[in-house]
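Data block for final17.txt (compact mmCIF, C-alpha atoms):
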# COMPACT_ATOMS: atom_id res chain seq x y z
CA MET A 15 -21.97 4.86 21.14
CA LEU A 16 -19.74 6.84 18.79
CA LEU A 17 -20.60 7.42 15.13
CA ALA A 18 -17.50 7.77 12.93
CA ILE A 19 -18.07 9.25 9.46
CA ASP A 20 -15.54 9.07 6.63
CA ILE A 21 -16.83 11.06 3.65
CA GLY A 22 -15.00 9.96 0.51
CA ASN A 23 -15.39 10.83 -3.14
CA SER A 24 -17.22 7.60 -4.01
CA LYS A 25 -18.78 6.49 -0.74
CA VAL A 26 -19.44 7.53 2.83
CA ALA A 27 -18.13 4.93 5.28
CA LEU A 28 -19.70 4.95 8.73
CA GLY A 29 -18.64 3.06 11.82
CA ILE A 30 -20.51 2.51 15.08
CA PHE A 31 -18.22 2.12 18.09
CA ALA A 32 -19.30 0.72 21.42
CA ALA A 33 -16.50 1.79 23.78
CA GLU A 34 -13.34 0.96 21.80
CA LYS A 35 -14.88 -1.79 19.68
CA LEU A 36 -16.01 -1.24 16.09
CA GLN A 37 -19.43 -2.85 16.23
CA THR A 38 -20.91 -2.09 12.82
CA THR A 39 -19.84 -0.59 9.50
CA LEU A 40 -22.17 0.95 6.91
CA HIS A 41 -21.69 2.46 3.47
CA ILE A 42 -23.69 5.01 1.49
CA ALA A 43 -22.88 6.23 -2.03
CA THR A 44 -21.55 9.79 -2.02
CA ASP A 45 -23.85 12.32 -3.66
CA ILE A 46 -23.17 16.03 -3.17
CA HIS A 47 -26.75 16.83 -4.20
CA ARG A 48 -28.28 14.70 -1.44
CA LEU A 49 -29.72 16.64 1.50
CA ALA A 50 -29.24 15.99 5.20
CA ASP A 51 -32.77 14.59 5.44
CA GLU A 52 -32.03 12.10 2.66
CA TYR A 53 -28.76 10.95 4.19
CA ALA A 54 -30.53 10.64 7.55
CA SER A 55 -33.23 8.44 6.04
CA LEU A 56 -30.63 6.14 4.47
CA LEU A 57 -28.52 6.01 7.61
CA PHE A 58 -31.32 5.27 10.06
CA ASN A 59 -32.81 2.57 7.82
CA LEU A 60 -29.41 0.89 7.70
CA LEU A 61 -29.05 1.17 11.46
CA LEU A 62 -32.36 -0.62 11.94
CA HIS A 63 -31.00 -3.61 10.03
CA HIS A 64 -28.04 -3.70 12.42
CA ASN A 65 -30.19 -3.35 15.56
CA VAL A 66 -28.74 0.05 16.44
CA ALA A 67 -31.13 2.73 17.70
CA LYS A 68 -30.29 6.32 16.84
CA SER A 69 -30.84 7.20 20.51
CA ASP A 70 -27.82 4.99 21.33
CA ILE A 71 -25.51 7.35 19.42
CA LYS A 72 -24.18 9.95 21.84
CA GLU A 73 -21.09 11.30 19.99
CA ALA A 74 -19.84 11.70 16.43
CA VAL A 75 -16.58 12.41 14.62
CA MET A 76 -15.96 12.86 10.93
CA CYS A 77 -13.47 13.64 8.19
CA SER A 78 -14.25 14.59 4.63
CA VAL A 79 -12.57 15.05 1.25
CA VAL A 80 -15.84 16.47 -0.12
CA PRO A 81 -16.15 19.96 1.46
CA PRO A 82 -19.83 20.59 0.57
CA LEU A 83 -20.89 17.51 2.55
CA VAL A 84 -19.33 18.62 5.84
CA SER A 85 -22.21 20.98 6.61
CA VAL A 86 -24.73 18.36 5.40
CA PHE A 87 -23.52 15.78 7.92
CA GLU A 88 -23.17 18.40 10.64
CA GLU A 89 -26.84 19.22 10.07
CA LEU A 90 -27.74 15.51 10.13
CA CYS A 91 -25.98 15.01 13.47
CA GLN A 92 -27.37 18.15 15.06
CA HIS A 93 -30.96 17.84 13.84
CA TYR A 94 -31.49 14.08 14.08
CA LEU A 95 -29.07 13.03 16.83
CA GLY A 96 -28.85 16.18 18.91
CA ILE A 97 -25.03 16.16 18.87
CA THR A 98 -22.32 18.29 17.27
CA PRO A 99 -19.72 16.14 15.53
CA LEU A 100 -15.99 16.65 15.92
CA VAL A 101 -14.68 17.52 12.44
CA VAL A 102 -11.08 16.62 11.65
CA GLU A 103 -9.68 19.89 10.35
CA PRO A 104 -6.74 22.22 11.10
CA GLY A 105 -6.67 23.14 14.77
CA ILE A 106 -7.81 19.88 16.36
CA LYS A 107 -5.48 17.42 18.05
CA THR A 108 -4.53 14.45 15.88
CA GLY A 109 -1.28 13.32 17.48
CA VAL A 110 0.40 13.78 14.09
CA ARG A 111 2.93 16.48 13.26
CA ILE A 112 2.58 17.37 9.57
CA ARG A 113 5.95 18.04 7.93
CA LEU A 114 4.71 19.55 4.65
CA ASP A 115 5.37 22.86 2.93
CA ASN A 116 1.72 23.74 3.57
CA PRO A 117 0.14 21.46 6.22
CA ARG A 118 -3.36 22.66 5.29
CA GLU A 119 -3.04 20.99 1.87
CA VAL A 120 -3.10 17.43 3.19
CA GLY A 121 -6.48 15.69 3.12
CA ALA A 122 -8.09 15.00 6.48
CA ASP A 123 -8.46 11.30 5.65
CA ARG A 124 -4.70 11.01 5.08
CA VAL A 125 -3.96 12.56 8.47
CA VAL A 126 -6.48 10.20 10.09
CA ASN A 127 -4.87 7.20 8.37
CA ALA A 128 -1.43 8.31 9.55
CA ALA A 129 -2.66 8.68 13.12
CA ALA A 130 -4.22 5.21 13.08
CA ALA A 131 -1.24 3.51 11.41
CA TYR A 132 1.28 4.94 13.85
CA ARG A 133 -0.83 4.18 16.92
CA LEU A 134 -1.61 0.62 15.81
CA TYR A 135 1.60 -0.41 14.06
CA GLY A 136 4.32 2.12 14.87
CA GLY A 137 6.72 3.77 12.48
CA PRO A 138 8.26 4.26 10.08
CA ALA A 139 5.32 3.21 7.95
CA ILE A 140 3.71 3.65 4.56
CA VAL A 141 -0.07 3.68 4.31
CA ILE A 142 -1.56 2.86 0.91
CA ASP A 143 -5.20 3.87 0.57
CA MET A 144 -6.70 2.30 -2.54
CA GLY A 145 -9.95 4.08 -3.14
CA THR A 146 -11.06 6.63 -5.73
CA ALA A 147 -7.43 7.77 -5.70
CA THR A 148 -4.48 5.61 -4.71
CA THR A 149 -2.53 7.50 -2.06
CA PHE A 150 0.76 6.68 -0.35
CA ASP A 151 1.32 8.32 3.04
CA VAL A 152 4.69 8.20 4.78
CA ILE A 153 5.02 8.28 8.58
CA SER A 154 8.38 8.65 10.29
CA LYS A 155 9.75 6.62 13.18
CA GLU A 156 8.60 9.43 15.49
CA GLY A 157 5.09 9.49 14.05
CA ASP A 158 5.47 12.59 11.86
CA TYR A 159 3.56 12.79 8.59
CA LEU A 160 6.27 13.34 5.96
CA GLY A 161 4.19 13.45 2.76
CA GLY A 162 3.66 10.87 0.07
CA ALA A 163 2.34 10.28 -3.41
CA ILE A 164 -1.03 10.41 -5.16
CA ALA A 165 -2.02 8.35 -8.22
CA PRO A 166 -5.35 7.76 -9.99
CA GLY A 167 -7.35 4.96 -8.44
CA MET A 168 -8.00 1.67 -10.20
CA GLU A 169 -11.64 2.51 -10.84
CA ILE A 170 -10.70 5.87 -12.36
CA ALA A 171 -8.20 4.08 -14.62
CA THR A 172 -10.77 1.58 -15.92
CA GLU A 173 -13.42 4.27 -16.39
CA ALA A 174 -10.93 6.38 -18.36
CA LEU A 175 -10.24 3.45 -20.68
CA TYR A 176 -13.98 2.94 -21.20
CA THR A 177 -14.97 6.59 -21.68
CA ARG A 178 -11.93 7.80 -23.64
CA THR A 179 -11.72 4.99 -26.20
CA ALA A 180 -14.14 3.91 -28.90
CA ARG A 181 -14.07 0.14 -28.50
CA LEU A 182 -12.87 -0.78 -25.03
CA PRO A 183 -15.62 -2.06 -22.71
CA ARG A 184 -16.34 -1.33 -19.06
CA ILE A 185 -14.79 -4.18 -17.06
CA GLU A 186 -15.01 -5.79 -13.65
CA LEU A 187 -11.91 -5.25 -11.52
CA SER A 188 -10.94 -8.86 -10.89
CA ARG A 189 -7.68 -10.78 -11.30
CA PRO A 190 -7.21 -12.32 -14.77
CA GLN A 191 -5.86 -15.85 -15.12
CA SER A 192 -2.61 -14.63 -16.64
CA ALA A 193 -0.74 -11.45 -17.46
CA ILE A 194 -1.03 -12.26 -21.17
CA GLY A 195 -4.63 -11.35 -21.92
CA LYS A 196 -6.35 -13.63 -24.43
CA ASN A 197 -9.21 -11.21 -25.08
CA THR A 198 -9.92 -7.51 -24.62
CA THR A 199 -11.41 -7.85 -21.15
CA SER A 200 -8.60 -9.99 -19.72
CA ALA A 201 -6.01 -7.73 -21.35
CA MET A 202 -7.55 -4.71 -19.67
CA GLN A 203 -7.77 -6.53 -16.34
CA SER A 204 -4.10 -7.49 -16.66
CA GLY A 205 -3.10 -3.92 -17.42
CA VAL A 206 -4.99 -2.52 -14.45
CA ILE A 207 -4.49 -5.23 -11.79
CA PHE A 208 -0.89 -6.19 -12.56
CA GLY A 209 -0.08 -2.63 -13.55
CA TYR A 210 -1.15 -1.36 -10.14
CA ILE A 211 0.84 -4.11 -8.45
CA GLY A 212 3.87 -2.70 -10.26
CA LEU A 213 2.89 0.81 -9.19
CA VAL A 214 2.63 -0.25 -5.55
CA GLU A 215 5.89 -2.20 -5.56
CA GLY A 216 7.78 0.55 -7.37
CA LEU A 217 6.60 3.39 -5.15
CA VAL A 218 7.05 1.42 -1.93
CA ALA A 219 10.63 0.69 -2.99
CA ARG A 220 11.34 4.35 -3.71
CA LEU A 221 9.69 5.62 -0.55
CA SER A 222 11.43 3.00 1.60
CA HIS A 223 14.77 3.93 0.07
CA GLU A 224 14.24 7.58 0.99
CA LEU A 225 13.30 6.59 4.55
CA LYS A 226 16.52 4.57 4.79
CA GLY A 227 15.29 1.69 6.90
CA LYS A 228 12.78 -1.09 7.49
CA VAL A 229 9.26 0.20 6.84
CA ARG A 230 5.87 -1.31 7.68
CA VAL A 231 3.43 -1.17 4.77
CA ILE A 232 -0.28 -1.01 5.57
CA ALA A 233 -3.01 -1.03 2.94
CA THR A 234 -6.62 0.10 3.25
CA GLY A 235 -9.43 1.04 0.89
CA GLY A 236 -11.76 -0.89 -1.38
CA TYR A 237 -9.11 -2.46 -3.62
CA ALA A 238 -6.48 -3.20 -0.98
CA GLU A 239 -7.31 -6.91 -0.69
CA ILE A 240 -7.04 -7.47 -4.44
CA ILE A 241 -3.54 -6.00 -4.63
CA ALA A 242 -2.28 -7.34 -1.29
CA LYS A 243 -2.91 -10.92 -2.43
CA GLU A 244 -0.49 -10.41 -5.31
CA THR A 245 2.50 -8.74 -3.68
CA PRO A 246 4.61 -9.39 -0.56
CA VAL A 247 5.39 -5.69 -0.02
CA ILE A 248 2.03 -5.13 1.71
CA GLU A 249 2.32 -6.55 5.23
CA ILE A 250 -1.04 -5.57 6.69
CA VAL A 251 -4.49 -4.97 5.26
CA ASN A 252 -6.83 -3.02 7.52
CA PRO A 253 -10.09 -2.11 5.74
CA HIS A 254 -11.27 0.01 8.69
CA LEU A 255 -8.10 2.03 9.23
CA THR A 256 -9.76 5.43 8.69
CA LEU A 257 -12.69 4.67 11.00
CA LEU A 258 -10.29 3.45 13.69
CA GLY A 259 -8.24 6.61 13.26
CA LEU A 260 -11.35 8.75 13.69
CA ARG A 261 -12.09 7.04 17.00
CA LEU A 262 -8.53 7.58 18.20
CA ILE A 263 -8.65 11.29 17.30
CA HIS A 264 -12.02 11.64 18.99
CA GLU A 265 -10.58 10.16 22.19
CA LEU A 266 -7.55 12.44 21.97
CA ASN A 267 -9.77 15.53 21.80
CA LYS A 268 -11.84 14.43 24.81
CA GLN A 269 -8.80 14.48 27.09
Take the structure in the file and write it out as structure tokens.
Amino acid sequence: MLLAIDIGNSKVALGIFAAEKLQTTLHIATDIHRLADEYASLLFNLLLHHNVAKSDIKEAVMCSVVPPLVSVFEELCQHYLGITPLVVEPGIKTGVRIRLDNPREVGADRVVNAAAAYRLYGGPAIVIDMGTATTFDVISKEGDYLGGAIAPGMEIATEALYTRTARLPRIELSRPQSAIGKNTTSAMQSGVIFGYIGLVEGLVARLSHELKGKVRVIATGGYAEIIAKETPVIEIVNPHLTLLGLRLIHELNKQ
């Protein structure tokens, strides 16, 4: 089995692959102060609930947007699983040509998403990852990574309203009944939910115009389903896009 590890700012997503099939997904809250032993304890307890023995895991691959945790998960894999994980970083094969001013600037997760989107759906394409940040990644017809856009994520937006104002409450990110909020909570939900729909539609329109052609739009991340239900511009929602991309890159580097 292959263990795929996607270390994000808010959570660590883990996928267990048996051959090419994603068998199980797990999630652990990201904490840069947590040690390898602590992450191992959480991971192996979760695996028990999914009837996966750690001895079944023979290979691992990971990407991270939290640099201090790379060595932590490398230690976890080496000490507890007896394997050295493949880390997605400059120098490994991804199947994606990065057409940026400085290719090293692009986050590993964005490269992984681009690789998965192009392999699964072709190009040109736009990948919207709605997590801690909301990122838009543009892939050409030939599969090149052209760049994109980065905006604050929905959770960051709501937390900013709560922490930077005197009277606005912390809210649940759910769709309000109408755009015209009848109370403070529904008004905030309208501003965030419908506001981000406008953000998505506006940026997709601009990016598509610059690509000059029909573009496939794929969404992933924790809030993708909420937004995709409200707008026709998102064609595909794939919550496991990054994990699938990690498996594809792992296979590419075995060849």
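In this model, the gap between CA of Ile232 (chain A) and CA of Leu175 (chain A) comes to 28.4 Å.
In this model, the gap between CA of Pro117 (chain A) and CA of Leu266 (chain A) comes to 19.7 Å.
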Using all atoms listed in the file, which residues of region 62-172 of chain A come within 10 Å of region 49-57 of chain A, and what is the closest atom pair for each, with the distance in Å to one decimal? Give it as JSON lines, sorted by chain and residue number.
{"residue": "A:Leu62", "atom": "CA", "partner": "A:Leu57", "partner_atom": "CA", "distance": 8.8}
{"residue": "A:Lys68", "atom": "CA", "partner": "A:Leu57", "partner_atom": "CA", "distance": 9.4}
{"residue": "A:Leu83", "atom": "CA", "partner": "A:Ala50", "partner_atom": "CA", "distance": 8.9}
{"residue": "A:Ser85", "atom": "CA", "partner": "A:Ala50", "partner_atom": "CA", "distance": 8.7}
{"residue": "A:Val86", "atom": "CA", "partner": "A:Ala50", "partner_atom": "CA", "distance": 5.1}
{"residue": "A:Phe87", "atom": "CA", "partner": "A:Ala50", "partner_atom": "CA", "distance": 6.3}
{"residue": "A:Glu88", "atom": "CA", "partner": "A:Ala50", "partner_atom": "CA", "distance": 8.5}
{"residue": "A:Glu89", "atom": "CA", "partner": "A:Ala50", "partner_atom": "CA", "distance": 6.3}
{"residue": "A:Leu90", "atom": "CA", "partner": "A:Ala50", "partner_atom": "CA", "distance": 5.2}
{"residue": "A:Cys91", "atom": "CA", "partner": "A:Ala54", "partner_atom": "CA", "distance": 8.7}
{"residue": "A:His93", "atom": "CA", "partner": "A:Ala50", "partner_atom": "CA", "distance": 9.0}
{"residue": "A:Tyr94", "atom": "CA", "partner": "A:Ala54", "partner_atom": "CA", "distance": 7.4}
{"residue": "A:Leu95", "atom": "CA", "partner": "A:Ala54", "partner_atom": "CA", "distance": 9.7}
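The gap separating CA of Ile97 (chain A) from CA of Met15 (chain A) is 11.9 Å, in Å to one decimal.
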What's the 12 Å shell around Ser204 (chain A), counting only C-alpha atoms, without same-chain residues fewer than 6 positions away, as number ranges by chain? A: 168, 172, 185-198, 210-212
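Summary of the local environment: counting only C-alpha atoms, residues at most 7 Å from region 226-229 of chain A, other than itself and those fewer than 4 positions away along its chain, are Pro138, Ala139, Ile140 and Ser222 of chain A.
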My list of candidates is A:Leu258, A:Pro183, A:Val218, A:Val101. Which is closest to Arg133 (chain A) when distances are computed with all atoms listed in the file? A:Leu258
Of the listed residues A:Ile153, A:Val247, A:Leu16, A:Ile112, that which approaches Tyr135 (chain A) most closely, counting only C-alpha atoms: A:Ile153
